[in-house]
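Q: Sharing start-v2.txt below, compact mmCIF, C-alpha atoms:
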```txt
# COMPACT_ATOMS: atom_id res chain seq x y z
CA MET A 104 13.38 -16.17 -8.83
CA SER A 105 11.03 -13.34 -9.78
CA VAL A 106 10.70 -10.18 -7.72
CA LEU A 107 7.64 -8.10 -6.88
CA TYR A 108 8.31 -4.57 -5.61
CA LEU A 109 5.30 -3.48 -3.61
CA VAL A 110 5.36 0.31 -3.14
CA ARG A 111 3.09 2.39 -0.93
CA HIS A 112 1.72 5.55 -2.53
CA GLY A 113 3.38 8.91 -1.85
CA GLN A 114 2.14 11.39 0.72
CA ALA A 115 -1.53 12.12 0.07
CA SER A 116 -3.56 15.17 1.08
CA PHE A 117 -4.60 14.41 4.66
CA GLY A 118 -6.55 17.20 6.31
CA THR A 119 -7.98 18.53 3.05
CA ASP A 120 -11.34 18.01 1.36
CA ASP A 121 -9.81 15.38 -0.93
CA TYR A 122 -7.34 12.95 0.63
CA ASP A 123 -7.08 10.89 -2.54
CA ARG A 124 -4.45 12.95 -4.36
CA LEU A 125 -0.74 13.39 -3.86
CA SER A 126 0.73 16.42 -2.18
CA ASP A 127 3.68 18.12 -3.85
CA LEU A 128 5.95 16.17 -1.52
CA GLY A 129 4.14 12.96 -2.46
CA LYS A 130 4.89 13.60 -6.13
CA GLU A 131 8.54 14.20 -5.31
CA GLN A 132 8.71 11.04 -3.19
CA SER A 133 7.31 9.05 -6.12
CA ARG A 134 9.84 10.37 -8.62
CA ILE A 135 12.73 9.73 -6.21
CA THR A 136 11.49 6.17 -5.71
CA GLY A 137 11.61 5.58 -9.45
CA GLU A 138 15.12 6.98 -9.64
CA HIS A 139 16.17 4.74 -6.77
CA LEU A 140 14.76 1.65 -8.45
CA ALA A 141 16.53 2.60 -11.68
CA SER A 142 19.81 2.91 -9.77
CA GLN A 143 19.23 -0.65 -8.53
CA LYS A 144 18.85 -1.81 -12.15
CA VAL A 145 15.21 -2.73 -11.63
CA ALA A 146 13.61 -3.23 -15.06
CA PRO A 147 9.98 -4.27 -14.50
CA VAL A 148 8.01 -6.09 -17.15
CA ARG A 149 4.83 -4.49 -15.81
CA ILE A 150 3.64 -1.81 -13.43
CA ILE A 151 0.35 -2.31 -11.59
CA HIS A 152 -1.66 -0.05 -9.32
CA GLY A 153 -5.10 0.09 -7.75
CA GLU A 154 -7.75 2.45 -9.07
CA MET A 155 -7.26 5.16 -6.44
CA LEU A 156 -5.88 8.46 -7.72
CA ARG A 157 -3.04 8.59 -5.20
CA GLN A 158 -1.90 5.15 -6.37
CA LYS A 159 -2.10 6.15 -10.04
CA GLN A 160 -0.19 9.39 -9.46
CA THR A 161 2.50 7.53 -7.54
CA ALA A 162 2.89 5.02 -10.36
CA GLU A 163 3.27 7.91 -12.80
CA GLY A 164 5.97 9.50 -10.66
CA ILE A 165 7.81 6.20 -10.37
CA GLN A 166 7.65 5.75 -14.12
CA THR A 167 9.12 9.23 -14.61
CA GLY A 168 12.01 8.52 -12.27
CA LEU A 169 12.51 5.04 -13.66
CA GLY A 170 12.40 6.20 -17.27
CA SER A 171 9.85 3.50 -18.06
CA GLY A 172 7.58 3.62 -21.08
CA LEU A 173 5.35 0.83 -19.83
CA ASP A 174 1.60 1.34 -19.72
CA ALA A 175 0.47 0.78 -16.15
CA GLN A 176 -2.22 -1.80 -15.48
CA ILE A 177 -5.06 -1.39 -12.98
CA ASP A 178 -5.98 -4.15 -10.55
CA THR A 179 -8.68 -3.10 -8.10
CA GLY A 180 -7.53 -5.86 -5.77
CA TRP A 181 -4.80 -3.45 -4.66
CA ASN A 182 -7.28 -0.76 -3.59
CA GLU A 183 -7.13 0.35 0.03
CA TYR A 184 -9.92 -0.33 2.50
CA GLN A 185 -12.29 2.57 3.24
CA ALA A 186 -10.63 4.15 6.28
CA TRP A 187 -13.29 6.81 6.75
CA GLU A 188 -15.95 4.09 6.74
CA LEU A 189 -14.16 2.31 9.57
CA THR A 190 -13.94 5.43 11.72
CA GLY A 191 -17.42 6.51 10.68
CA ALA A 192 -18.88 3.34 12.16
CA LEU A 193 -17.69 4.43 15.61
CA THR A 194 -20.19 6.37 17.69
CA ASP A 195 -17.77 8.36 19.83
CA THR A 196 -15.03 9.58 17.49
CA ASP A 197 -12.79 12.51 18.34
CA PRO A 198 -13.67 15.38 15.95
CA ARG A 199 -10.00 16.39 15.86
CA ALA A 200 -9.21 13.21 13.91
CA LYS A 201 -9.93 14.91 10.58
CA GLN A 202 -6.99 17.25 11.05
CA ASP A 203 -4.65 15.50 13.51
CA SER A 204 -2.99 12.43 12.01
CA LYS A 205 -2.02 10.92 15.38
CA ILE A 206 -5.57 11.14 16.67
CA PHE A 207 -6.84 9.79 13.36
CA GLN A 208 -4.48 6.80 13.64
CA ALA A 209 -5.81 5.95 17.09
CA GLU A 210 -9.40 6.20 15.87
CA LEU A 211 -8.57 4.15 12.79
CA GLU A 212 -7.13 1.35 14.90
CA ARG A 213 -10.28 1.25 17.05
CA GLY A 214 -12.38 1.19 13.91
CA ALA A 215 -10.25 -1.54 12.34
CA ALA A 216 -10.58 -3.77 15.39
CA ARG A 217 -14.37 -3.42 15.24
CA TRP A 218 -14.30 -4.14 11.48
CA ALA A 219 -12.10 -7.21 11.80
CA SER A 220 -14.12 -8.69 14.65
CA GLY A 221 -16.74 -9.90 12.16
CA GLU A 222 -19.50 -8.92 14.58
CA HIS A 223 -20.65 -5.86 12.62
CA ASP A 224 -20.22 -6.91 8.98
CA GLY A 225 -23.51 -5.32 7.96
CA ASP A 226 -22.08 -1.88 8.78
CA TYR A 227 -19.46 -2.00 6.03
CA SER A 228 -19.47 -2.08 2.25
CA GLU A 229 -16.58 -4.57 2.42
CA THR A 230 -15.91 -6.93 5.30
CA PHE A 231 -12.42 -7.54 6.64
CA THR A 232 -12.52 -11.06 5.22
CA GLU A 233 -13.51 -9.73 1.79
CA PHE A 234 -10.68 -7.20 1.95
CA THR A 235 -8.02 -9.75 2.83
CA THR A 236 -9.33 -12.21 0.24
CA ARG A 237 -9.12 -9.71 -2.62
CA VAL A 238 -5.60 -8.63 -1.58
CA ASN A 239 -4.55 -12.28 -1.45
CA THR A 240 -5.92 -12.75 -4.96
CA ALA A 241 -4.16 -9.64 -6.26
CA LEU A 242 -0.84 -10.86 -4.88
CA ASP A 243 -1.30 -14.35 -6.29
CA ASP A 244 -2.23 -12.94 -9.71
CA ALA A 245 0.76 -10.57 -9.80
CA CYS A 246 3.15 -13.36 -8.91
CA ALA A 247 1.59 -15.85 -11.34
CA ALA A 248 1.93 -13.37 -14.22
CA MET A 249 5.73 -13.24 -13.91
CA SER A 250 8.04 -15.61 -15.71
CA SER A 251 11.31 -16.68 -14.14
CA GLY A 252 13.65 -13.76 -13.50
CA GLU A 253 11.09 -11.04 -14.21
CA SER A 254 10.14 -8.19 -11.91
CA THR A 255 6.92 -6.25 -11.36
CA ILE A 256 6.22 -2.99 -9.53
CA VAL A 257 2.89 -2.75 -7.72
CA VAL A 258 1.70 0.55 -6.20
CA SER A 259 -0.81 0.14 -3.41
CA SER A 260 -1.59 1.45 0.08
CA ALA A 261 -0.61 0.72 3.68
CA GLY A 262 -3.46 -1.65 4.51
CA ALA A 263 -3.04 -3.86 1.46
CA ILE A 264 0.75 -3.92 1.76
CA ALA A 265 0.60 -4.63 5.49
CA TRP A 266 -1.82 -7.50 4.92
CA THR A 267 0.44 -8.98 2.24
CA ALA A 268 3.41 -8.91 4.62
CA ALA A 269 1.37 -10.34 7.50
CA ARG A 270 0.00 -13.12 5.30
CA LEU A 271 3.44 -14.16 4.06
CA LEU A 272 4.66 -14.34 7.66
CA GLY A 273 1.65 -16.36 8.74
CA GLY A 274 0.27 -13.53 10.87
CA GLY A 275 -3.23 -12.25 11.48
CA PHE A 276 -4.92 -9.04 12.58
CA ASP A 277 -2.35 -8.03 15.21
CA GLN A 278 0.57 -8.45 12.81
CA TRP A 279 -1.37 -6.59 10.11
CA MET A 280 -2.06 -3.67 12.40
CA ALA A 281 1.57 -3.50 13.55
CA PHE A 282 2.74 -3.31 9.92
CA ASN A 283 -0.07 -0.94 8.92
CA ARG A 284 0.93 1.47 11.68
CA VAL A 285 4.50 1.97 10.43
CA THR A 286 4.23 1.77 6.64
CA VAL A 287 6.03 4.77 5.12
CA ASN A 288 4.92 6.67 2.03
CA THR A 289 6.76 5.10 -0.95
CA GLY A 290 8.22 2.43 1.32
CA ILE A 291 9.27 -0.60 -0.74
CA THR A 292 8.36 -4.16 0.23
CA ARG A 293 10.13 -6.88 -1.73
CA ILE A 294 8.65 -10.28 -2.40
CA ILE A 295 10.28 -13.15 -4.28
CA THR A 296 8.41 -15.97 -5.95
CA GLY A 297 9.50 -19.16 -7.65
CA ARG A 298 9.25 -22.92 -7.49
CA SER A 299 9.70 -22.94 -3.73
CA GLY A 300 6.81 -20.52 -3.21
CA THR A 301 6.36 -16.84 -2.41
CA SER A 302 8.35 -15.17 0.36
CA LEU A 303 8.73 -11.77 1.96
CA ILE A 304 12.39 -10.70 1.90
CA SER A 305 12.10 -7.07 3.05
CA PHE A 306 9.41 -4.74 4.35
CA ASN A 307 8.98 -0.97 4.13
CA GLU A 308 12.44 -0.03 2.83
CA HIS A 309 12.67 3.76 2.72
CA GLY A 310 16.36 4.63 2.72
CA HIS A 311 15.84 6.31 -0.66
CA GLN A 312 14.04 9.16 1.12
CA ILE A 313 16.00 11.60 3.26
CA PRO A 314 14.67 11.84 6.85
CA GLU A 315 12.93 15.15 6.16
CA GLN A 316 10.91 13.49 3.39
CA VAL A 317 9.68 10.51 5.41
CA THR A 318 5.93 10.64 5.99
CA TYR A 319 3.27 8.19 7.13
CA ARG A 320 -0.02 9.61 5.91
```
I'd like the structure from this file rewritten - as structure tokens, please.
A:
Amino acid sequence: MSVLYLVRHGQASFGTDDYDRLSDLGKEQSRITGEHLASQKVAPVRIIHGEMLRQKQTAEGIQTGLGSGLDAQIDTGWNEYQAWELTGALTDTDPRAKQDSKIFQAELERGAARWASGEHDGDYSETFTEFTTRVNTALDDACAAMSSGESTIVVSSAGAIAWTAARLLGGGFDQWMAFNRVTVNTGITRIITGRSGTSLISFNEHGHQIPEQVTYR
């Protein structure tokens, strides 16, 4: 069997003018994740990330901790959906959402439900169906690229990882949202693939981070 390690990016910069960059803690989380994978004797044949800066920086931190000299590859299929577009489409958002992560999460879930309904597709640059289709393709491509016994590390974001897990369990929007809600920064989701197909064997592992380092945004 081949193994795909799907890692969420480290803590980003929520509440600042530029969310799409790692905080100092996010950089530390990324390095620790690489060290953890090295301790597990993970030797990937490739490292892939989306084109977002927080994903790229996380991959760099993992490579540092892992001691890998691989050149990371970019696959835009692993990009996150546009969260601010989802909340921006709501007409009655709580202004505190920009600074309060709990309020933002509640607003995001309302926005995601509207997005996924398919009744307002013209309001978004990417529909929910387009999002899930590109993530499905990215997963299929990453798995197809591995030969027997190889491993790959993919750095992505909560929405894409949650959809991958939901898809492999045969779930839909509700399962996706439940996973999306709890995905930890640098949480590791393991997927195996081989002749019998592709299966989820663990979701959101984060024991490599001490409790004080566990973050969700």
Q: Please, what distance in Å, to one decimal, runs between atom CA of Arg157 of chain A and atom CA of Ile256 of chain A?
A: 15.4 Å
Q: I'd like the neighbourhood of segment 106-116 of chain A as a compact mmCIF listing (two decimals) with C-alpha atoms, in the frame of the given file, where a residue qualifies if any of its atoms comes within 6 Å (using only C-alpha atoms), though same-chain residues fewer than 5 positions away should be ignored.
A:
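Output saved as result_36.txt:
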```
# COMPACT_ATOMS: atom_id res chain seq x y z
CA TYR A 122 -7.34 12.95 0.63
CA ARG A 124 -4.45 12.95 -4.36
CA LEU A 125 -0.74 13.39 -3.86
CA SER A 126 0.73 16.42 -2.18
CA GLY A 129 4.14 12.96 -2.46
CA GLN A 132 8.71 11.04 -3.19
CA SER A 133 7.31 9.05 -6.12
CA GLN A 158 -1.90 5.15 -6.37
CA THR A 161 2.50 7.53 -7.54
CA SER A 254 10.14 -8.19 -11.91
CA THR A 255 6.92 -6.25 -11.36
CA ILE A 256 6.22 -2.99 -9.53
CA VAL A 257 2.89 -2.75 -7.72
CA VAL A 258 1.70 0.55 -6.20
CA SER A 259 -0.81 0.14 -3.41
CA SER A 260 -1.59 1.45 0.08
CA ASN A 288 4.92 6.67 2.03
CA THR A 289 6.76 5.10 -0.95
CA GLY A 290 8.22 2.43 1.32
CA ILE A 291 9.27 -0.60 -0.74
CA THR A 292 8.36 -4.16 0.23
CA ARG A 293 10.13 -6.88 -1.73
CA ILE A 294 8.65 -10.28 -2.40
CA ILE A 295 10.28 -13.15 -4.28
CA ARG A 320 -0.02 9.61 5.91
```
Q: Got a sec to check which residues sit within 12 Å of (12.8, 6.9, 6.1), counting all atoms listed in the file, and write them as an mmCIF file with C-alpha atoms, keeping the file's coordinate frame?
A:
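After the write, selection16.cif holds the following:
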```cif
data_model
loop_
_atom_site.group_PDB
_atom_site.id
_atom_site.type_symbol
_atom_site.label_atom_id
_atom_site.label_comp_id
_atom_site.auth_asym_id
_atom_site.auth_seq_id
_atom_site.Cartn_x
_atom_site.Cartn_y
_atom_site.Cartn_z
ATOM 1 C CA GLN A 132 8.710 11.040 -3.190
ATOM 2 C CA THR A 136 11.490 6.170 -5.710
ATOM 3 C CA VAL A 285 4.500 1.970 10.430
ATOM 4 C CA THR A 286 4.230 1.770 6.640
ATOM 5 C CA VAL A 287 6.030 4.770 5.120
ATOM 6 C CA ASN A 288 4.920 6.670 2.030
ATOM 7 C CA THR A 289 6.760 5.100 -0.950
ATOM 8 C CA GLY A 290 8.220 2.430 1.320
ATOM 9 C CA ILE A 291 9.270 -0.600 -0.740
ATOM 10 C CA ASN A 307 8.980 -0.970 4.130
ATOM 11 C CA GLU A 308 12.440 -0.030 2.830
ATOM 12 C CA HIS A 309 12.670 3.760 2.720
ATOM 13 C CA GLY A 310 16.360 4.630 2.720
ATOM 14 C CA HIS A 311 15.840 6.310 -0.660
ATOM 15 C CA GLN A 312 14.040 9.160 1.120
ATOM 16 C CA ILE A 313 16.000 11.600 3.260
ATOM 17 C CA PRO A 314 14.670 11.840 6.850
ATOM 18 C CA GLU A 315 12.930 15.150 6.160
ATOM 19 C CA GLN A 316 10.910 13.490 3.390
ATOM 20 C CA VAL A 317 9.680 10.510 5.410
ATOM 21 C CA THR A 318 5.930 10.640 5.990
ATOM 22 C CA TYR A 319 3.270 8.190 7.130
#
```
Q: Which is closest to Asn182 of chain A among A:Thr235, A:Thr194, A:Thr296, A:Thr167, if we use only C-alpha atoms?
A: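 For Asn182 of chain A, the nearest of the candidates is A:Thr235.
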Q: I need the residue nearest Ala162 of chain A from this list: A:Asp127, A:Asp203, A:Asp174, A:Asp224. Use only C-alpha atoms for the distance.
A: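 Looking only at the distances to Ala162 of chain A, the closest residue turns out to be A:Asp174.
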Q: Please identify all polymer residues within 9 Å of Met104 of chain A, counting all atoms listed in the file, omitting same-chain residues fewer than 4 positions from it, and present them as an mmCIF file with C-alpha atoms, in the frame of the given file.
A:
```cif
data_model
loop_
_atom_site.group_PDB
_atom_site.id
_atom_site.type_symbol
_atom_site.label_atom_id
_atom_site.label_comp_id
_atom_site.auth_asym_id
_atom_site.auth_seq_id
_atom_site.Cartn_x
_atom_site.Cartn_y
_atom_site.Cartn_z
ATOM 1 C CA SER A 250 8.040 -15.610 -15.710
ATOM 2 C CA SER A 251 11.310 -16.680 -14.140
ATOM 3 C CA GLY A 252 13.650 -13.760 -13.500
ATOM 4 C CA GLU A 253 11.090 -11.040 -14.210
ATOM 5 C CA ILE A 295 10.280 -13.150 -4.280
ATOM 6 C CA THR A 296 8.410 -15.970 -5.950
ATOM 7 C CA GLY A 297 9.500 -19.160 -7.650
ATOM 8 C CA ARG A 298 9.250 -22.920 -7.490
#
```
Q: Looking at A:Ala141, A:Ala216, A:Ala269, A:Ile177, which one is nearest to Ala245 of chain A, with distances taken over all atoms listed in the file?
A: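 Closest to Ala245 of chain A of all the choices is A:Ile177.
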Q: When you count only C-alpha atoms, which of these residues is closest to Glu183 of chain A: A:Asp195, A:Asp123, A:Glu222, A:Glu210?
A: A:Asp123
Q: Could you check how far atom CA of Ala281 of chain A sits from atom CA of Glu188 of chain A, in Å to one decimal?
A: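 Between these atoms lies a distance of 20.3 Å.
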Q: So the first atom is atom CA of Gln185 of chain A and the second is atom CA of Ile151 of chain A; what is the distance between them in Å, to one decimal place?
A: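 Between atom CA of Gln185 of chain A and atom CA of Ile151 of chain A the gap works out to 20.1 Å.
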Q: Mind listing as an MDAnalysis selection string all residues within 6 Å of (4.9, -5.3, 1.5), counting all atoms listed in the file?
A: chainID A and resid 109 264:265 267:268 292 306
Q: Can you tell me, as a list in words, what residues are no more than 8 Å from Arg213 of chain A when counting only C-alpha atoms, ignoring any on the same chain fewer than 4 positions away?
A: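 Within the cut-off, the hits are Thr190, Ala209 and Arg217 of chain A.
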Q: Just want the 9 Å neighbourhood of Ala175 of chain A, counted on all atoms listed in the file, with same-chain residues fewer than 2 positions away dropped. Output as a ChimeraX atom specification.
A: /A:149-152,159,162-163,166,173,177
Q: For the residues selected in the previous step, produce a file with C-alpha atoms as a PDB file, keeping the file's coordinate frame.
A:
```
ATOM      1  CA  ARG A 149       4.830  -4.490 -15.810  1.00  0.00           C
ATOM      2  CA  ILE A 150       3.640  -1.810 -13.430  1.00  0.00           C
ATOM      3  CA  ILE A 151       0.350  -2.310 -11.590  1.00  0.00           C
ATOM      4  CA  HIS A 152      -1.660  -0.050  -9.320  1.00  0.00           C
ATOM      5  CA  LYS A 159      -2.100   6.150 -10.040  1.00  0.00           C
ATOM      6  CA  ALA A 162       2.890   5.020 -10.360  1.00  0.00           C
ATOM      7  CA  GLU A 163       3.270   7.910 -12.800  1.00  0.00           C
ATOM      8  CA  GLN A 166       7.650   5.750 -14.120  1.00  0.00           C
ATOM      9  CA  LEU A 173       5.350   0.830 -19.830  1.00  0.00           C
ATOM     10  CA  ILE A 177      -5.060  -1.390 -12.980  1.00  0.00           C
TER      11      ILE A 177
END
```
Q: Using only C-alpha atoms, which residue out of A:Gln176, A:Gln208, A:Ser220, A:Ser228 lies closest to Val148 of chain A?
A: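 Of A:Gln176, A:Gln208, A:Ser220, A:Ser228, the one nearest Val148 of chain A, counting only C-alpha atoms, is A:Gln176.
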